[in-house]
>>> print(open('input.json').read())   # JSON, C-alpha atoms (C1' of nucleotides)
[["chain", "number", "residue", "atom", "x", "y", "z"],
["A", 767, "MET", "CA", -10.93, 1.67, 17.23],
["A", 768, "THR", "CA", -10.61, -0.28, 14.04],
["A", 769, "THR", "CA", -13.87, -1.62, 12.75],
["A", 770, "ARG", "CA", -14.67, -4.46, 10.40],
["A", 771, "ALA", "CA", -15.82, -2.00, 7.76],
["A", 772, "ASP", "CA", -12.47, -0.27, 8.08],
["A", 773, "ASP", "CA", -10.60, -3.44, 7.29],
["A", 774, "THR", "CA", -12.83, -4.13, 4.31],
["A", 775, "LEU", "CA", -12.24, -0.67, 2.89],
["A", 776, "ASP", "CA", -8.51, -0.87, 3.63],
["A", 777, "ALA", "CA", -8.25, -4.03, 1.58],
["A", 778, "ALA", "CA", -10.49, -2.78, -1.23],
["A", 779, "PHE", "CA", -8.70, 0.55, -1.66],
["A", 780, "ALA", "CA", -5.29, -1.08, -1.33],
["A", 781, "ALA", "CA", -6.27, -3.56, -4.03],
["A", 782, "LEU", "CA", -7.20, -0.70, -6.34],
["A", 783, "ALA", "CA", -3.94, 1.16, -5.70],
["A", 784, "ASP", "CA", -2.04, -0.71, -8.39],
["A", 785, "PRO", "CA", -2.32, -0.27, -12.16],
["A", 786, "THR", "CA", -1.98, -3.99, -12.92],
["A", 787, "ARG", "CA", -4.81, -4.80, -10.53],
["A", 788, "ARG", "CA", -7.01, -2.02, -11.86],
["A", 789, "ALA", "CA", -6.44, -3.31, -15.38],
["A", 790, "ILE", "CA", -7.48, -6.76, -14.21],
["A", 791, "VAL", "CA", -10.66, -5.35, -12.68],
["A", 792, "THR", "CA", -11.41, -3.48, -15.91],
["A", 793, "ARG", "CA", -10.92, -6.67, -17.88],
["A", 794, "LEU", "CA", -13.16, -8.62, -15.52],
["A", 795, "ALA", "CA", -15.91, -6.02, -15.77],
["A", 796, "ARG", "CA", -16.38, -7.35, -19.33],
["A", 797, "GLY", "CA", -16.66, -10.93, -18.13],
["A", 798, "ASP", "CA", -14.97, -13.74, -16.24],
["A", 799, "ALA", "CA", -11.48, -14.85, -17.28],
["A", 800, "THR", "CA", -8.86, -17.43, -16.32],
["A", 801, "VAL", "CA", -5.53, -16.57, -14.73],
["A", 802, "THR", "CA", -3.58, -17.12, -17.97],
["A", 803, "GLU", "CA", -6.01, -14.95, -19.90],
["A", 804, "LEU", "CA", -5.68, -12.21, -17.33],
["A", 805, "ALA", "CA", -1.90, -12.50, -17.36],
["A", 806, "ALA", "CA", -1.57, -12.26, -21.15],
["A", 807, "PRO", "CA", -1.37, -8.43, -21.49],
["A", 808, "PHE", "CA", 1.35, -8.09, -18.85],
["A", 809, "ALA", "CA", 5.10, -8.59, -18.91],
["A", 810, "MET", "CA", 4.95, -10.36, -15.58],
["A", 811, "SER", "CA", 5.42, -13.91, -14.37],
["A", 812, "LEU", "CA", 2.35, -15.98, -13.62],
["A", 813, "PRO", "CA", 3.07, -16.18, -9.92],
["A", 814, "GLY", "CA", 3.23, -12.39, -9.99],
["A", 815, "ILE", "CA", -0.27, -12.22, -11.45],
["A", 816, "SER", "CA", -1.40, -14.91, -9.03],
["A", 817, "LYS", "CA", -0.32, -12.68, -6.14],
["A", 818, "HIS", "CA", -2.22, -9.73, -7.56],
["A", 819, "LEU", "CA", -5.31, -11.91, -7.83],
["A", 820, "LYS", "CA", -4.89, -12.89, -4.21],
["A", 821, "VAL", "CA", -4.80, -9.22, -3.23],
["A", 822, "LEU", "CA", -7.95, -8.56, -5.26],
["A", 823, "GLU", "CA", -9.64, -11.57, -3.69],
["A", 824, "HIS", "CA", -8.63, -10.43, -0.21],
["A", 825, "GLY", "CA", -10.09, -7.02, -1.03],
["A", 826, "GLY", "CA", -13.36, -8.74, -1.91],
["A", 827, "LEU", "CA", -13.14, -7.46, -5.47],
["A", 828, "ILE", "CA", -13.00, -10.85, -7.12],
["A", 829, "SER", "CA", -13.96, -14.44, -6.41],
["A", 830, "ARG", "CA", -12.69, -17.60, -8.03],
["A", 831, "ARG", "CA", -14.31, -20.89, -8.82],
["A", 832, "ARG", "CA", -12.74, -24.08, -10.07],
["A", 833, "ASP", "CA", -13.39, -25.39, -13.57],
["A", 834, "ALA", "CA", -11.16, -28.41, -14.29],
["A", 835, "GLN", "CA", -7.59, -27.09, -14.08],
["A", 836, "PHE", "CA", -8.77, -23.52, -14.63],
["A", 837, "ARG", "CA", -9.59, -20.97, -11.94],
["A", 838, "PRO", "CA", -11.92, -18.48, -13.62],
["A", 839, "CYS", "CA", -12.00, -15.10, -11.89],
["A", 840, "HIS", "CA", -15.20, -13.20, -11.34],
["A", 841, "LEU", "CA", -15.63, -9.53, -10.49],
["A", 842, "GLU", "CA", -17.55, -8.89, -7.28],
["A", 843, "ALA", "CA", -19.17, -5.54, -7.89],
["A", 844, "ASP", "CA", -20.33, -5.19, -4.30],
["A", 845, "ALA", "CA", -16.80, -4.45, -3.10],
["A", 846, "LEU", "CA", -16.56, -1.81, -5.80],
["A", 847, "ASP", "CA", -19.78, -0.34, -4.41],
["A", 848, "GLY", "CA", -18.36, -0.26, -0.90],
["A", 849, "ALA", "CA", -15.48, 1.93, -2.04],
["A", 850, "LEU", "CA", -17.85, 3.98, -4.16],
["A", 851, "ASP", "CA", -20.13, 4.61, -1.18],
["A", 852, "TRP", "CA", -17.32, 5.79, 1.05],
["A", 853, "ILE", "CA", -16.09, 8.32, -1.48],
["A", 854, "THR", "CA", -19.61, 9.45, -2.39],
["A", 855, "THR", "CA", -20.56, 10.03, 1.24],
["A", 856, "ASN", "CA", -17.49, 12.11, 1.95],
["A", 857, "ARG", "CA", -17.89, 13.96, -1.30],
["A", 858, "ARG", "CA", -21.44, 14.84, -0.29],
["A", 859, "VAL", "CA", -20.40, 16.17, 3.12],
["A", 860, "TRP", "CA", -17.90, 18.35, 1.30],
["A", 861, "ASN", "CA", -20.59, 19.77, -0.98],
["A", 862, "GLU", "CA", -23.06, 20.33, 1.81],
["A", 863, "ARG", "CA", -20.67, 22.82, 3.37],
["A", 864, "PHE", "CA", -20.96, 24.99, 0.29],
["A", 865, "ASP", "CA", -24.68, 24.46, -0.02],
["A", 866, "LYS", "CA", -25.05, 25.81, 3.50],
["A", 867, "LEU", "CA", -22.81, 28.74, 2.66],
["A", 868, "ASP", "CA", -24.96, 29.44, -0.38],
["A", 869, "ALA", "CA", -28.07, 29.37, 1.77],
["A", 870, "LEU", "CA", -26.45, 31.80, 4.18],
["A", 871, "LEU", "CA", -25.52, 34.13, 1.36],
["A", 872, "ASP", "CA", -29.04, 33.90, 0.00],
["A", 873, "ASP", "CA", -30.31, 35.08, 3.36],
["A", 874, "LEU", "CA", -27.88, 37.93, 3.74],
["A", 875, "GLN", "CA", -27.66, 39.45, 0.30],
["A", 876, "PRO", "CA", -29.79, 37.72, -2.32],
["A", 877, "ALA", "CA", -28.53, 39.85, -5.18],
["A", 878, "LYS", "CA", -24.89, 38.94, -4.69],
["A", 879, "LYS", "CA", -25.17, 35.27, -3.86],
["A", 880, "ARG", "CA", -22.13, 33.10, -4.70],
["A", 881, "ALA", "CA", -19.98, 36.17, -5.20],
["A", 882, "GLY", "CA", -16.36, 35.47, -4.30],
["A", 883, "ARG", "CA", -17.01, 31.90, -3.34],
["A", 884, "ALA", "CA", -13.85, 29.80, -3.79],
["A", 885, "ARG", "CA", -14.36, 26.10, -4.19],
["A", 886, "GLY", "CA", -11.17, 24.43, -5.36],
["B", 1354, "MET", "CA", 2.61, 1.20, -20.33],
["B", 1355, "THR", "CA", 2.18, 3.29, -17.19],
["B", 1356, "THR", "CA", 0.39, 6.55, -17.75],
["B", 1357, "ARG", "CA", 0.24, 9.74, -15.76],
["B", 1358, "ALA", "CA", -3.36, 9.05, -14.83],
["B", 1359, "ASP", "CA", -2.27, 5.65, -13.52],
["B", 1360, "ASP", "CA", 0.21, 7.23, -11.13],
["B", 1361, "THR", "CA", -2.38, 9.71, -9.94],
["B", 1362, "LEU", "CA", -4.91, 6.96, -9.23],
["B", 1363, "ASP", "CA", -2.24, 4.78, -7.61],
["B", 1364, "ALA", "CA", -1.44, 7.54, -5.16],
["B", 1365, "ALA", "CA", -5.07, 8.47, -4.52],
["B", 1366, "PHE", "CA", -6.26, 4.92, -3.87],
["B", 1367, "ALA", "CA", -3.17, 4.14, -1.80],
["B", 1368, "ALA", "CA", -3.85, 7.24, 0.29],
["B", 1369, "LEU", "CA", -7.39, 6.03, 0.95],
["B", 1370, "ALA", "CA", -6.24, 2.54, 1.95],
["B", 1371, "ASP", "CA", -5.64, 3.49, 5.58],
["B", 1372, "PRO", "CA", -8.26, 4.13, 8.28],
["B", 1373, "THR", "CA", -6.34, 7.01, 9.84],
["B", 1374, "ARG", "CA", -6.07, 8.77, 6.51],
["B", 1375, "ARG", "CA", -9.71, 8.14, 5.66],
["B", 1376, "ALA", "CA", -10.69, 9.60, 9.03],
["B", 1377, "ILE", "CA", -8.60, 12.65, 8.25],
["B", 1378, "VAL", "CA", -10.33, 13.05, 4.89],
["B", 1379, "THR", "CA", -13.72, 12.73, 6.57],
["B", 1380, "ARG", "CA", -12.72, 15.37, 9.06],
["B", 1381, "LEU", "CA", -11.48, 17.71, 6.33],
["B", 1382, "ALA", "CA", -14.71, 17.32, 4.37],
["B", 1383, "ARG", "CA", -16.28, 19.39, 7.15],
["B", 1384, "GLY", "CA", -13.66, 22.11, 6.82],
["B", 1385, "ASP", "CA", -9.95, 22.92, 6.91],
["B", 1386, "ALA", "CA", -7.92, 22.03, 10.00],
["B", 1387, "THR", "CA", -4.40, 22.33, 11.34],
["B", 1388, "VAL", "CA", -2.07, 19.39, 11.87],
["B", 1389, "THR", "CA", -2.53, 19.40, 15.64],
["B", 1390, "GLU", "CA", -6.29, 19.53, 15.27],
["B", 1391, "LEU", "CA", -6.21, 16.60, 12.88],
["B", 1392, "ALA", "CA", -3.90, 14.64, 15.19],
["B", 1393, "ALA", "CA", -6.07, 15.10, 18.28],
["B", 1394, "PRO", "CA", -8.37, 12.07, 17.87],
["B", 1395, "PHE", "CA", -5.51, 9.64, 17.32],
["B", 1396, "ALA", "CA", -3.13, 7.87, 19.67],
["B", 1397, "MET", "CA", -0.26, 8.64, 17.38],
["B", 1398, "SER", "CA", 2.78, 10.91, 17.46],
["B", 1399, "LEU", "CA", 2.65, 14.14, 15.50],
["B", 1400, "PRO", "CA", 5.35, 13.06, 13.06],
["B", 1401, "GLY", "CA", 3.20, 10.01, 12.42],
["B", 1402, "ILE", "CA", 0.27, 12.20, 11.45],
["B", 1403, "SER", "CA", 2.61, 14.41, 9.47],
["B", 1404, "LYS", "CA", 3.61, 11.40, 7.39],
["B", 1405, "HIS", "CA", -0.01, 10.50, 6.74],
["B", 1406, "LEU", "CA", -0.65, 14.06, 5.61],
["B", 1407, "LYS", "CA", 2.28, 13.80, 3.23],
["B", 1408, "VAL", "CA", 0.76, 10.64, 1.75],
["B", 1409, "LEU", "CA", -2.60, 12.39, 1.35],
["B", 1410, "GLU", "CA", -0.89, 15.39, -0.23],
["B", 1411, "HIS", "CA", 1.04, 13.15, -2.61],
["B", 1412, "GLY", "CA", -2.24, 11.51, -3.55],
["B", 1413, "GLY", "CA", -3.61, 14.94, -4.39],
["B", 1414, "LEU", "CA", -6.31, 14.59, -1.76],
["B", 1415, "ILE", "CA", -5.22, 17.53, 0.34],
["B", 1416, "SER", "CA", -3.24, 20.73, -0.02],
["B", 1417, "ARG", "CA", -1.60, 22.82, 2.66],
["B", 1418, "ARG", "CA", -1.10, 26.52, 2.99],
["B", 1419, "ARG", "CA", 0.91, 28.43, 5.54],
["B", 1420, "ASP", "CA", -0.74, 30.60, 8.16],
["B", 1421, "ALA", "CA", 1.83, 31.87, 10.67],
["B", 1422, "GLN", "CA", 3.20, 28.75, 12.37],
["B", 1423, "PHE", "CA", 0.15, 26.72, 11.35],
["B", 1424, "ARG", "CA", -0.20, 24.60, 8.23],
["B", 1425, "PRO", "CA", -3.94, 24.32, 7.64],
["B", 1426, "CYS", "CA", -4.95, 21.31, 5.54],
["B", 1427, "HIS", "CA", -7.55, 21.56, 2.84],
["B", 1428, "LEU", "CA", -9.42, 18.74, 1.15],
["B", 1429, "GLU", "CA", -9.02, 18.65, -2.63],
["B", 1430, "ALA", "CA", -12.25, 17.12, -3.82],
["B", 1431, "ASP", "CA", -11.00, 16.72, -7.39],
["B", 1432, "ALA", "CA", -8.75, 13.83, -6.42],
["B", 1433, "LEU", "CA", -11.72, 12.21, -4.72],
["B", 1434, "ASP", "CA", -13.61, 12.65, -7.98],
["B", 1435, "GLY", "CA", -10.81, 11.00, -9.93],
["B", 1436, "ALA", "CA", -11.11, 7.86, -7.84],
["B", 1437, "LEU", "CA", -14.90, 8.09, -8.00],
["B", 1438, "ASP", "CA", -14.83, 8.30, -11.79],
["B", 1439, "TRP", "CA", -12.62, 5.25, -12.16],
["B", 1440, "ILE", "CA", -14.87, 3.10, -10.03],
["B", 1441, "THR", "CA", -18.05, 4.47, -11.60],
["B", 1442, "THR", "CA", -16.82, 3.77, -15.12],
["B", 1443, "ASN", "CA", -15.87, 0.20, -14.34],
["B", 1444, "ARG", "CA", -19.07, -0.31, -12.45],
["B", 1445, "ARG", "CA", -21.00, 0.86, -15.50],
["B", 1446, "VAL", "CA", -19.19, -1.53, -17.85],
["B", 1447, "TRP", "CA", -20.11, -4.31, -15.45],
["B", 1448, "ASN", "CA", -23.78, -3.35, -15.56],
["B", 1449, "GLU", "CA", -23.86, -2.95, -19.32],
["B", 1450, "ARG", "CA", -23.03, -6.63, -19.69],
["B", 1451, "PHE", "CA", -26.27, -7.50, -17.97],
["B", 1452, "ASP", "CA", -28.21, -4.84, -19.81],
["B", 1453, "LYS", "CA", -27.09, -6.43, -23.07],
["B", 1454, "LEU", "CA", -28.06, -9.85, -21.77],
["B", 1455, "ASP", "CA", -31.47, -8.48, -20.85],
["B", 1456, "ALA", "CA", -31.87, -7.09, -24.36],
["B", 1457, "LEU", "CA", -30.92, -10.43, -25.82],
["B", 1458, "LEU", "CA", -33.42, -12.21, -23.65],
["B", 1459, "ASP", "CA", -36.05, -9.68, -24.65],
["B", 1460, "ASP", "CA", -35.42, -10.60, -28.27],
["B", 1461, "LEU", "CA", -35.47, -14.33, -27.79],
["B", 1462, "GLN", "CA", -38.30, -14.91, -25.36],
["B", 1463, "PRO", "CA", -40.03, -11.75, -24.24],
["B", 1464, "ALA", "CA", -42.28, -13.56, -21.81],
["B", 1465, "LYS", "CA", -39.42, -15.07, -19.82],
["B", 1466, "LYS", "CA", -36.97, -12.20, -19.74],
["B", 1467, "ARG", "CA", -34.54, -12.09, -16.81],
["B", 1468, "ALA", "CA", -35.37, -15.66, -15.89],
["B", 1469, "GLY", "CA", -32.45, -17.38, -14.20],
["B", 1470, "ARG", "CA", -30.21, -14.36, -14.46],
["B", 1471, "ALA", "CA", -27.56, -14.35, -11.73],
["B", 1472, "ARG", "CA", -26.01, -11.04, -10.94],
["B", 1473, "GLY", "CA", -23.91, -11.29, -7.80],
["C", 1467, "DC", "C1'", 16.59, 38.07, 23.22],
["C", 1468, "DA", "C1'", 14.30, 34.10, 25.61],
["C", 1469, "DG", "C1'", 10.90, 31.03, 25.54],
["C", 1470, "DC", "C1'", 6.71, 28.92, 23.66],
["C", 1471, "DT", "C1'", 3.98, 26.58, 20.02],
["C", 1472, "DA", "C1'", 3.44, 24.35, 15.48],
["C", 1473, "DA", "C1'", 5.29, 21.53, 12.43],
["C", 1474, "DC", "C1'", 9.01, 19.22, 10.05],
["C", 1475, "DT", "C1'", 13.32, 16.38, 9.11],
["C", 1476, "DA", "C1'", 16.48, 12.65, 10.25],
["C", 1477, "DA", "C1'", 17.47, 8.23, 11.55],
["C", 1478, "DC", "C1'", 15.99, 4.12, 12.70],
["C", 1479, "DC", "C1'", 13.04, -0.29, 12.94],
["C", 1480, "DA", "C1'", 9.65, -3.92, 11.91],
["C", 1481, "DA", "C1'", 6.36, -5.42, 8.80],
["C", 1482, "DA", "C1'", 4.20, -5.62, 4.35],
["C", 1483, "DG", "C1'", 4.39, -5.41, -0.82],
["C", 1484, "DA", "C1'", 5.84, -6.57, -5.36],
["C", 1485, "DG", "C1'", 8.51, -9.08, -7.94],
["C", 1486, "DT", "C1'", 11.49, -13.17, -9.14],
["C", 1487, "DT", "C1'", 12.72, -18.48, -10.00],
["C", 1488, "DA", "C1'", 12.08, -23.19, -8.91],
["C", 1489, "DA", "C1'", 9.27, -26.74, -7.33],
["C", 1490, "DA", "C1'", 4.66, -28.68, -6.29],
["C", 1491, "DT", "C1'", -0.28, -29.69, -7.14],
["C", 1492, "DA", "C1'", -4.46, -30.61, -9.77],
["C", 1493, "DT", "C1'", -6.63, -31.94, -13.85],
["C", 1494, "DA", "C1'", -6.89, -33.52, -18.62],
["C", 1495, "DT", "C1'", -5.12, -36.18, -22.47],
["C", 1496, "DT", "C1'", -2.92, -39.85, -24.89],
["D", 962, "DA", "C1'", 1.31, -44.61, -16.67],
["D", 963, "DA", "C1'", 3.32, -40.60, -18.89],
["D", 964, "DT", "C1'", 2.91, -36.12, -20.38],
["D", 965, "DA", "C1'", 1.05, -31.60, -20.88],
["D", 966, "DT", "C1'", -1.49, -27.58, -19.10],
["D", 967, "DA", "C1'", -3.16, -24.36, -15.47],
["D", 968, "DT", "C1'", -2.20, -22.62, -11.33],
["D", 969, "DT", "C1'", -0.29, -22.32, -6.69],
["D", 970, "DT", "C1'", 3.35, -22.51, -3.00],
["D", 971, "DA", "C1'", 7.90, -21.75, -1.25],
["D", 972, "DA", "C1'", 11.80, -19.17, -0.65],
["D", 973, "DC", "C1'", 14.27, -15.32, -1.51],
["D", 974, "DT", "C1'", 15.30, -10.20, -2.57],
["D", 975, "DC", "C1'", 14.42, -5.38, -2.72],
["D", 976, "DT", "C1'", 11.58, -1.53, -1.72],
["D", 977, "DT", "C1'", 7.98, 0.82, 0.56],
["D", 978, "DT", "C1'", 5.20, 1.84, 4.47],
["D", 979, "DG", "C1'", 3.91, 3.00, 9.09],
["D", 980, "DG", "C1'", 5.45, 3.91, 13.20],
["D", 981, "DT", "C1'", 8.81, 5.60, 16.72],
["D", 982, "DT", "C1'", 12.15, 9.22, 19.26],
["D", 983, "DA", "C1'", 15.21, 13.02, 19.09],
["D", 984, "DG", "C1'", 16.50, 17.08, 17.23],
["D", 985, "DT", "C1'", 15.45, 21.26, 14.03],
["D", 986, "DT", "C1'", 13.12, 25.14, 11.80],
["D", 987, "DA", "C1'", 9.66, 28.82, 11.64],
["D", 988, "DG", "C1'", 6.99, 32.06, 13.72],
["D", 989, "DC", "C1'", 4.71, 34.24, 17.70],
["D", 990, "DT", "C1'", 5.00, 36.61, 22.23],
["D", 991, "DG", "C1'", 6.64, 38.35, 26.60]]
>>> encode(input="input.json", output="structure tokens")
Amino acid sequence: MTTRADDTLDAAFAALADPTRRAIVTRLARGDATVTELAAPFAMSLPGISKHLKVLEHGGLISRRRDAQFRPCHLEADALDGALDWITTNRRVWNERFDKLDALLDDLQPAKKRAGRARG
Amino acid sequence: MTTRADDTLDAAFAALADPTRRAIVTRLARGDATVTELAAPFAMSLPGISKHLKVLEHGGLISRRRDAQFRPCHLEADALDGALDWITTNRRVWNERFDKLDALLDDLQPAKKRAGRARG
DNA sequence: CAGCTAACTAACCAAAGAGTTAAATATATT
DNA sequence: AATATATTTAACTCTTTGGTTAGTTAGCTG
């Protein structure tokens, strides 16, 4: 089954899987910016940037309003949090395995706990 | 410029941008598993799963060792941390903007601080 | 050795992604 | 009304991705 949350995460992670788009997000974390401003640092056509912005928007990472002929882009931190939560949760499950192993070792031989434990 | 770290993040985020692969990561957070074990929950051919595993491996999210005819997969939490760090850092920059605004408002009119501040 | 299981590679296909140029739209300015 | 600026859409190309089936390699087991 493919859930709604799945689709959201798909789009968010996919949006982050490109260095140009990550740079745009980093720029927007400092404040809103227009398309031309965002495009400036890159050796890429404006329609190219426009496509990247569409991907970011689809991933929920940015929103755009209209201001005269400008389309200022705005970072939506909630989407960032969604991705953050997924990773954090899985990371925690991973750690809990070792916490339980530690507890087991504590029970069995307190003096040698953590001995020989391989984590990476 | 495209850095080494960029490529690493590209591959890690791209690997996470698929529900099948995220499910595999979630499964592996609970412990190592063979390819057939990982494939079991999915209506997908084994070569299909094998390709997903290759994507995860390329993204640094898993490693594989050989055990007789089995190839147990192992979650590499460091790659997860890399993605986590990128998001966390950008998230923090985003928050700092508002912290600075709060400080400014504190200076100007202590009694009304945070009034009218829009965050989402 | 023969046969079984686990996993991979090869070859193919359809769909999506990332980029381009050229043309269109929306708004502001003169 | 004409022109300039900001941005998008359209159409096209090339590459990558996600999936398939069929065949192959590696290792165990009888």
>>> atom_distance(input="input.json", atom1="CA of Leu1409 in chain B", atom2="CA of Lys817 in chain A")
26.3 Å
>>> closest_residue(input="input.json", among="A:Val801, A:Pro813, A:Lys820, A:Arg793", to="Ala781 in chain A", atoms="only C-alpha atoms")
A:Lys820
>>> closest_residue(input="input.json", among="B:Thr1387, B:Glu1410, B:Asp1431, B:Thr1356", to="Pro785 in chain A", atoms="all atoms listed in the file")
B:Thr1356
>>> closest_residue(input="input.json", among="C:DC1478, C:DA1473, C:DC1467, C:DA1489", to="DA971 in chain D", atoms="all atoms listed in the file")
C:DA1489
>>> atom_distance(input="input.json", atom1="CA of Lys866 in chain A", atom2="CA of Asp1385 in chain B")
15.7 Å
>>> decode(input="input.json", residues="range 963-983 of chain D", atoms="C-alpha atoms (C1' of nucleotides)", output="compact mmCIF listing (two decimals), in the first residue's frame")
# COMPACT_ATOMS: atom_id res chain seq x y z
C1' DA D 963 5.16 50.56 -26.67
C1' DT D 964 8.76 48.69 -24.20
C1' DA D 965 11.12 46.45 -20.53
C1' DT D 966 11.34 43.08 -16.74
C1' DA D 967 10.11 38.73 -14.29
C1' DT D 968 8.63 34.43 -14.89
C1' DT D 969 6.31 30.52 -17.02
C1' DT D 970 5.00 27.21 -20.80
C1' DA D 971 5.98 24.42 -24.74
C1' DA D 972 8.61 21.38 -27.19
C1' DC D 973 12.49 18.83 -27.65
C1' DT D 974 16.71 15.91 -26.24
C1' DC D 975 19.40 12.98 -23.36
C1' DT D 976 19.94 10.34 -19.28
C1' DT D 977 18.37 7.99 -15.31
C1' DT D 978 15.19 5.18 -12.85
C1' DG D 979 12.18 1.44 -11.74
C1' DG D 980 10.44 -2.42 -13.22
C1' DT D 981 10.29 -6.80 -15.91
C1' DT D 982 11.98 -11.79 -17.65
C1' DA D 983 15.57 -14.92 -18.72
